[in-house]
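Engineer: To be precise about what I am sending: the file is called run39.cif and holds mmCIF, C-alpha atoms and all ligand atoms.
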data_target
#
loop_
_atom_site.label_atom_id
_atom_site.label_comp_id
_atom_site.auth_asym_id
_atom_site.auth_seq_id
_atom_site.Cartn_x
_atom_site.Cartn_y
_atom_site.Cartn_z
CA MET A 1 -5.31 17.61 21.44
CA GLY A 2 -5.35 13.92 20.62
CA LEU A 3 -5.49 12.52 17.10
CA LEU A 4 -8.96 11.14 17.75
CA ASP A 5 -10.39 14.69 17.76
CA ASP A 6 -9.51 15.02 14.05
CA ILE A 7 -11.49 11.97 12.91
CA ASP A 8 -14.73 12.26 10.99
CA GLU A 9 -15.53 8.62 10.28
CA ILE A 10 -13.94 5.22 10.85
CA LEU A 11 -14.14 3.25 7.59
CA ILE A 12 -12.37 0.05 8.67
CA PRO A 13 -12.11 -0.74 12.38
CA GLU A 14 -9.14 -2.46 13.95
CA GLU A 15 -10.80 -5.89 14.29
CA ALA A 16 -11.82 -5.88 10.61
CA LEU A 17 -8.24 -5.07 9.59
CA ARG A 18 -6.88 -7.83 11.78
CA GLY A 19 -9.32 -10.40 10.39
CA ARG A 20 -8.68 -9.50 6.76
CA VAL A 21 -4.90 -9.40 7.17
CA ARG A 22 -5.08 -12.87 8.68
CA GLU A 23 -7.07 -14.11 5.66
CA LEU A 24 -4.57 -12.59 3.24
CA GLY A 25 -1.70 -14.22 5.14
CA GLN A 26 -3.44 -17.57 4.99
CA ALA A 27 -4.08 -17.23 1.25
CA ILE A 28 -0.43 -16.35 0.57
CA SER A 29 0.79 -19.22 2.78
CA LYS A 30 -1.35 -21.65 0.79
CA ASP A 31 -0.53 -20.26 -2.68
CA TYR A 32 3.24 -20.07 -2.06
CA ASP A 33 3.72 -23.32 -0.19
CA GLY A 34 7.23 -24.57 -1.07
CA LYS A 35 8.21 -21.30 -2.80
CA GLU A 36 9.66 -18.99 -0.12
CA PRO A 37 8.31 -15.67 -1.46
CA LEU A 38 9.95 -12.26 -1.09
CA LEU A 39 7.61 -9.59 0.26
CA VAL A 40 8.50 -6.12 -1.01
CA GLY A 41 6.96 -3.45 1.20
CA ILE A 42 6.57 0.02 -0.28
CA LEU A 43 7.74 2.65 2.17
CA THR A 44 6.42 4.29 4.14
CA GLY A 45 2.70 3.63 4.06
CA ALA A 46 2.86 -0.16 3.84
CA VAL A 47 5.08 -0.65 6.90
CA LEU A 48 2.33 -1.48 9.38
CA PHE A 49 0.45 -3.65 6.89
CA VAL A 50 3.46 -5.66 5.73
CA SER A 51 4.66 -6.32 9.28
CA ASP A 52 1.23 -7.59 10.36
CA LEU A 53 0.81 -9.55 7.13
CA MET A 54 4.16 -11.26 7.54
CA ARG A 55 3.18 -12.46 11.01
CA GLN A 56 0.16 -14.21 9.47
CA ILE A 57 2.27 -16.06 6.88
CA THR A 58 3.10 -19.55 8.05
CA ILE A 59 5.66 -20.54 5.38
CA PRO A 60 9.27 -19.27 5.10
CA CYS A 61 9.31 -15.83 3.48
CA HIS A 62 11.64 -12.84 3.12
CA LEU A 63 11.23 -9.09 3.46
CA ASP A 64 12.68 -6.16 1.58
CA PHE A 65 11.61 -2.57 0.98
CA MET A 66 11.44 0.01 -1.78
CA ALA A 67 10.65 3.71 -1.54
CA THR A 68 9.22 5.79 -4.37
CA SER A 69 8.74 9.50 -4.73
CA SER A 70 5.23 10.74 -5.31
CA TYR A 71 4.90 12.34 -8.72
CA ALA A 72 4.54 16.11 -8.78
CA GLU A 73 0.93 17.10 -9.30
CA ALA A 74 1.53 18.53 -12.75
CA THR A 75 2.92 15.22 -13.94
CA THR A 76 0.35 12.95 -12.31
CA SER A 77 -0.95 11.59 -15.61
CA SER A 78 2.55 10.87 -16.92
CA GLY A 79 3.01 8.33 -14.13
CA VAL A 80 6.71 9.01 -13.77
CA VAL A 81 7.82 7.70 -10.41
CA ARG A 82 11.30 7.92 -8.95
CA ILE A 83 12.80 5.05 -6.98
CA LEU A 84 14.30 6.61 -3.84
CA LYS A 85 15.35 3.36 -2.23
CA ASP A 86 15.85 0.21 -4.23
CA LEU A 87 15.79 -3.43 -3.11
CA ASP A 88 18.82 -4.72 -1.23
CA GLN A 89 18.82 -7.98 -3.18
CA PRO A 90 18.44 -9.20 -6.77
CA ILE A 91 15.04 -10.77 -7.56
CA GLU A 92 15.97 -12.91 -10.54
CA GLY A 93 14.25 -16.27 -10.11
CA ARG A 94 12.47 -15.13 -6.93
CA HIS A 95 8.75 -15.19 -6.20
CA VAL A 96 8.02 -11.54 -5.48
CA ILE A 97 4.92 -10.08 -3.84
CA VAL A 98 4.77 -6.28 -3.84
CA VAL A 99 2.89 -5.12 -0.76
CA ASP A 100 1.40 -1.62 -0.67
CA ASP A 101 -1.05 0.24 1.51
CA ILE A 102 -3.35 1.52 -1.22
CA ILE A 103 -3.74 1.48 -4.97
CA ASP A 104 -5.20 4.86 -5.89
CA THR A 105 -4.50 6.06 -9.44
CA GLY A 106 -2.37 2.96 -9.94
CA LEU A 107 0.48 4.99 -11.42
CA THR A 108 2.99 4.07 -8.74
CA MET A 109 2.30 0.34 -8.85
CA ASP A 110 2.14 0.25 -12.65
CA TYR A 111 5.57 1.85 -12.82
CA LEU A 112 7.03 -0.40 -10.11
CA LEU A 113 5.74 -3.57 -11.74
CA GLU A 114 7.25 -2.59 -15.09
CA ALA A 115 10.58 -1.84 -13.38
CA LEU A 116 10.61 -5.11 -11.43
CA LYS A 117 9.62 -7.22 -14.46
CA THR A 118 12.87 -6.28 -16.20
CA ARG A 119 14.76 -8.08 -13.41
CA TYR A 120 13.31 -11.50 -14.29
CA PRO A 121 11.52 -12.58 -11.11
CA ALA A 122 10.07 -16.11 -11.26
CA SER A 123 6.70 -14.54 -10.48
CA LEU A 124 5.40 -11.11 -9.57
CA ARG A 125 2.18 -10.40 -7.71
CA VAL A 126 0.52 -7.49 -5.92
CA CYS A 127 -0.95 -7.40 -2.45
CA ALA A 128 -2.74 -4.16 -1.53
CA LEU A 129 -4.61 -3.46 1.67
CA LEU A 130 -6.89 -0.88 0.05
CA ASP A 131 -8.24 -0.54 -3.47
CA LYS A 132 -9.60 2.90 -4.38
CA LEU A 133 -11.00 1.82 -7.74
CA PRO A 134 -12.92 5.01 -8.67
CA ARG A 135 -9.60 6.89 -9.02
CA ARG A 136 -7.77 4.34 -11.20
CA LEU A 137 -5.89 5.71 -14.22
CA ARG A 138 -3.79 2.58 -14.93
CA TYR A 139 -4.92 -1.03 -14.70
CA VAL A 140 -3.18 -2.83 -11.86
CA PRO A 141 -3.63 -6.57 -11.34
CA ILE A 142 -4.31 -6.86 -7.60
CA ASP A 143 -3.83 -10.52 -6.64
CA TYR A 144 -4.47 -10.04 -2.92
CA ARG A 145 -6.85 -7.23 -1.99
CA GLY A 146 -7.82 -6.23 1.54
CA PHE A 147 -10.74 -3.87 1.03
CA GLU A 148 -12.32 -1.77 -1.69
CA ILE A 149 -12.89 1.78 -0.48
CA PRO A 150 -14.76 4.78 -1.95
CA ASP A 151 -13.04 7.86 -3.36
CA LYS A 152 -12.08 9.40 -0.03
CA PHE A 153 -8.67 10.40 1.32
CA VAL A 154 -8.06 8.00 4.19
CA VAL A 155 -5.47 7.82 6.95
CA GLY A 156 -4.41 5.42 9.67
CA TYR A 157 -2.71 2.01 9.80
CA GLY A 158 0.34 3.41 8.02
CA LEU A 159 -1.41 5.91 5.75
CA ASP A 160 -0.66 9.56 6.41
CA PHE A 161 -1.77 13.08 5.81
CA SER A 162 1.28 15.40 5.96
CA GLY A 163 3.21 12.68 7.73
CA ARG A 164 0.64 12.42 10.51
CA TYR A 165 -1.95 9.81 11.56
CA ARG A 166 0.05 6.71 10.54
CA ASN A 167 -0.16 5.41 14.11
CA LEU A 168 -3.96 5.25 14.22
CA PRO A 169 -4.85 1.54 14.44
CA PHE A 170 -7.84 1.81 12.03
CA ILE A 171 -8.59 3.32 8.60
CA CYS A 172 -10.54 6.55 8.81
CA VAL A 173 -11.46 9.84 7.16
CA LEU A 174 -10.49 13.13 8.78
CA LYS A 175 -12.75 16.11 9.40
CA PRO A 176 -12.86 18.33 6.27
CA GLU A 177 -11.24 21.24 8.11
CA ILE A 178 -8.12 19.12 8.73
CA TYR A 179 -7.55 18.57 5.02
CA GLY A 180 -8.00 22.29 4.45
CA GLU A 181 -7.21 22.62 0.74
CA SER A 182 -8.57 20.33 -1.95
CA ARG A 183 -8.23 16.60 -1.45
CA THR A 184 -5.99 16.18 -4.48
CA GLU A 185 -3.53 18.70 -3.09
CA ALA A 186 -3.76 16.98 0.25
CA GLY A 187 -2.72 13.78 -1.44
CA SER A 188 0.30 15.09 -3.24
CA ALA A 189 1.31 17.58 -0.56
CA ALA A 190 1.51 14.82 2.00
CA SER A 191 5.20 13.97 1.80
CA GLY A 192 7.87 12.89 -0.61
CA VAL A 193 7.85 9.30 0.52
CA ARG A 194 4.33 8.03 0.69
P1 LIG A 201 -1.20 5.88 -6.66
O1 LIG A 201 -2.08 7.06 -6.97
O2 LIG A 201 -1.94 4.59 -6.87
O3 LIG A 201 0.08 5.95 -7.44
O4 LIG A 201 -0.87 5.97 -5.12
C1 LIG A 201 0.38 6.39 -4.67
C2 LIG A 201 0.46 6.46 -3.18
O5 LIG A 201 -0.32 7.56 -2.71
C3 LIG A 201 -0.08 5.27 -2.37
O6 LIG A 201 0.83 4.21 -2.28
C4 LIG A 201 -0.30 5.93 -1.03
O7 LIG A 201 0.90 5.92 -0.28
C5 LIG A 201 -0.70 7.35 -1.40
N1 LIG A 201 -2.17 7.51 -1.27
C6 LIG A 201 -3.10 7.34 -2.21
N2 LIG A 201 -4.34 7.53 -1.72
C7 LIG A 201 -4.17 7.81 -0.40
C8 LIG A 201 -5.09 8.06 0.68
O8 LIG A 201 -6.33 8.08 0.56
N3 LIG A 201 -4.50 8.29 1.89
C9 LIG A 201 -3.16 8.29 2.10
N4 LIG A 201 -2.28 8.02 1.13
C10 LIG A 201 -2.78 7.79 -0.11
MG MG A 202 2.46 4.21 -0.72
#
Can you present the structure in this file as structure tokens?
Ligand code: IMP
Ligand code: MG

Structural biologist:
Amino acid sequence: MGLLDDIDEILIPEEALRGRVRELGQAISKDYDGKEPLLVGILTGAVLFVSDLMRQITIPCHLDFMATSSYAEATTSSGVVRILKDLDQPIEGRHVIVVDDIIDTGLTMDYLLEALKTRYPASLRVCALLDKLPRRLRYVPIDYRGFEIPDKFVVGYGLDFSGRYRNLPFICVLKPEIYGESRTEAGSAASGVR
């Protein structure tokens, strides 16, 4: 059985992703001209996005990664996030752009921004491919936003369900029978590193 059999609806086709990523890359290239920004990709979901985004940036830039643990379901509202892999380099005085696949509740990004601010970057901005605004619990300033999406659990282009579907080249929703349990459980059951 191929992955395509599990898909219910394609929300963002490949060409739309490519076009929007190009626009975001152009905007960043213009805004950071002369600044040599550091892109911080959040593992694992943002890997495809950040690698495509970087190829659309026409000024010198750098790349590093962080990995966070997803909060246990019971502690979702506390917003406690664990850093599983930290940056390889100090960011003091650097122009940092945190790049993530999706801002859902906002808890992960809110925590990360607070943590990174204590390291005195010259500037700190957020670039997110997807913005699932209806689920937001914490305000997150999204400086570069790909698409707003409705309150649906999506996969593809780096985003997974139980580790699967990251290699789909578009953003889509799976058939309800694939998610099985409730969507919230699907979200947190997915995997430690999201
Ligand atoms: P948060 O709720 O904003 O803290 O989102 C934490 C992480 O959950 C995101 O960075 C994603 O990796 C993951 N996530 C949230 N919503 C979805 C979704 O619809 N599909 C796949 N992963 C998701
Ligand atoms: Mg993520």

Engineer: I'd like the contact shell of His95 of chain A - 8 Å cut-off, all atoms listed in the file, skipping same-chain residues fewer than 5 positions apart - returned as a list in words.

Structural biologist: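 The residues that qualify are Lys35, Glu36, Pro37, Leu38, Pro121, Ala122, Ser123 and Leu124 of chain A.
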
Engineer: Residues of the last selection are to be written out with C-alpha atoms, as a compact mmCIF listing (two decimals), keeping the file's coordinate frame.

Structural biologist:
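Saved to out_1.txt:
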# COMPACT_ATOMS: atom_id res chain seq x y z
CA LYS A 35 8.21 -21.30 -2.80
CA GLU A 36 9.66 -18.99 -0.12
CA PRO A 37 8.31 -15.67 -1.46
CA LEU A 38 9.95 -12.26 -1.09
CA PRO A 121 11.52 -12.58 -11.11
CA ALA A 122 10.07 -16.11 -11.26
CA SER A 123 6.70 -14.54 -10.48
CA LEU A 124 5.40 -11.11 -9.57

Engineer: Given all atoms listed in the file as the basis, pick out the residue of A:Gly158, A:Pro13, A:Pro169, A:Gly79 nearest to ligand MG 202 (chain A).

Structural biologist: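 Of A:Gly158, A:Pro13, A:Pro169, A:Gly79, the one nearest ligand MG 202 (chain A) is A:Gly158, counting all atoms listed in the file.
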
Engineer: Would you kindly return, as a PyMOL selection string, each protein, DNA or RNA residue with an atom no farther than 7 Å from any atom of segment 82-89 of chain A, considering all atoms listed in the file and excluding same-chain residues fewer than 3 positions away?

Structural biologist: chain A and resi 64-69

Engineer: Selection from above, C-alpha atoms, as an mmCIF file, in the frame of the given file, can you write it?

Structural biologist:
data_model
loop_
_atom_site.group_PDB
_atom_site.id
_atom_site.type_symbol
_atom_site.label_atom_id
_atom_site.label_comp_id
_atom_site.auth_asym_id
_atom_site.auth_seq_id
_atom_site.Cartn_x
_atom_site.Cartn_y
_atom_site.Cartn_z
ATOM 1 C CA ASP A 64 12.680 -6.160 1.580
ATOM 2 C CA PHE A 65 11.610 -2.570 0.980
ATOM 3 C CA MET A 66 11.440 0.010 -1.780
ATOM 4 C CA ALA A 67 10.650 3.710 -1.540
ATOM 5 C CA THR A 68 9.220 5.790 -4.370
ATOM 6 C CA SER A 69 8.740 9.500 -4.730
#

Engineer: Between A:Pro176, A:Gly41, A:Gly34, A:Gly146, which one has atoms that come closest to ligand LIG 201 (chain A), using all atoms listed in the file?

Structural biologist: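 Going through A:Pro176, A:Gly41, A:Gly34, A:Gly146 one by one, the smallest distance to ligand LIG 201 (chain A) is for A:Gly41.
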
Engineer: Do you have the atom CA of Ser51 of chain A-atom CA of Leu63 of chain A distance handy?

Structural biologist: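 If I compute the distance from atom CA of Ser51 of chain A to atom CA of Leu63 of chain A, I get 9.2 Å.
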
Engineer: Quick one: contact table of chain A to ligand LIG 201 (chain A), 6 Å max, nearest atom pair and distance in Å to one decimal per residue, counting only C-alpha atoms and all ligand atoms, chain and number order, as CSV?

Structural biologist:
residue,atom,partner,partner_atom,distance
A:Gly45,CA,A:LIG201,O7,5.2
A:Asp101,CA,A:LIG201,O6,5.8
A:Ile102,CA,A:LIG201,O6,5.1
A:Ile103,CA,A:LIG201,O2,4.1
A:Asp104,CA,A:LIG201,O2,3.4
A:Thr105,CA,A:LIG201,O1,3.6
A:Gly106,CA,A:LIG201,O2,3.5
A:Leu107,CA,A:LIG201,O3,4.1
A:Thr108,CA,A:LIG201,O3,3.7
A:Lys152,CA,A:LIG201,O8,5.9
A:Phe153,CA,A:LIG201,O8,3.4
A:Val154,CA,A:LIG201,O8,4.0
A:Val155,CA,A:LIG201,N3,5.2
A:Leu159,CA,A:LIG201,C9,4.7
A:Asp160,CA,A:LIG201,C9,5.1
A:Arg194,CA,A:LIG201,O7,4.1

Engineer: Could you list, as a VMD selection string, every residue within 10 Å of Ala16 of chain A, counting all atoms listed in the file and ignoring same-chain residues fewer than 3 positions away?

Structural biologist: chain A and resid 11 to 13 19 to 22 146 to 147 170 to 171
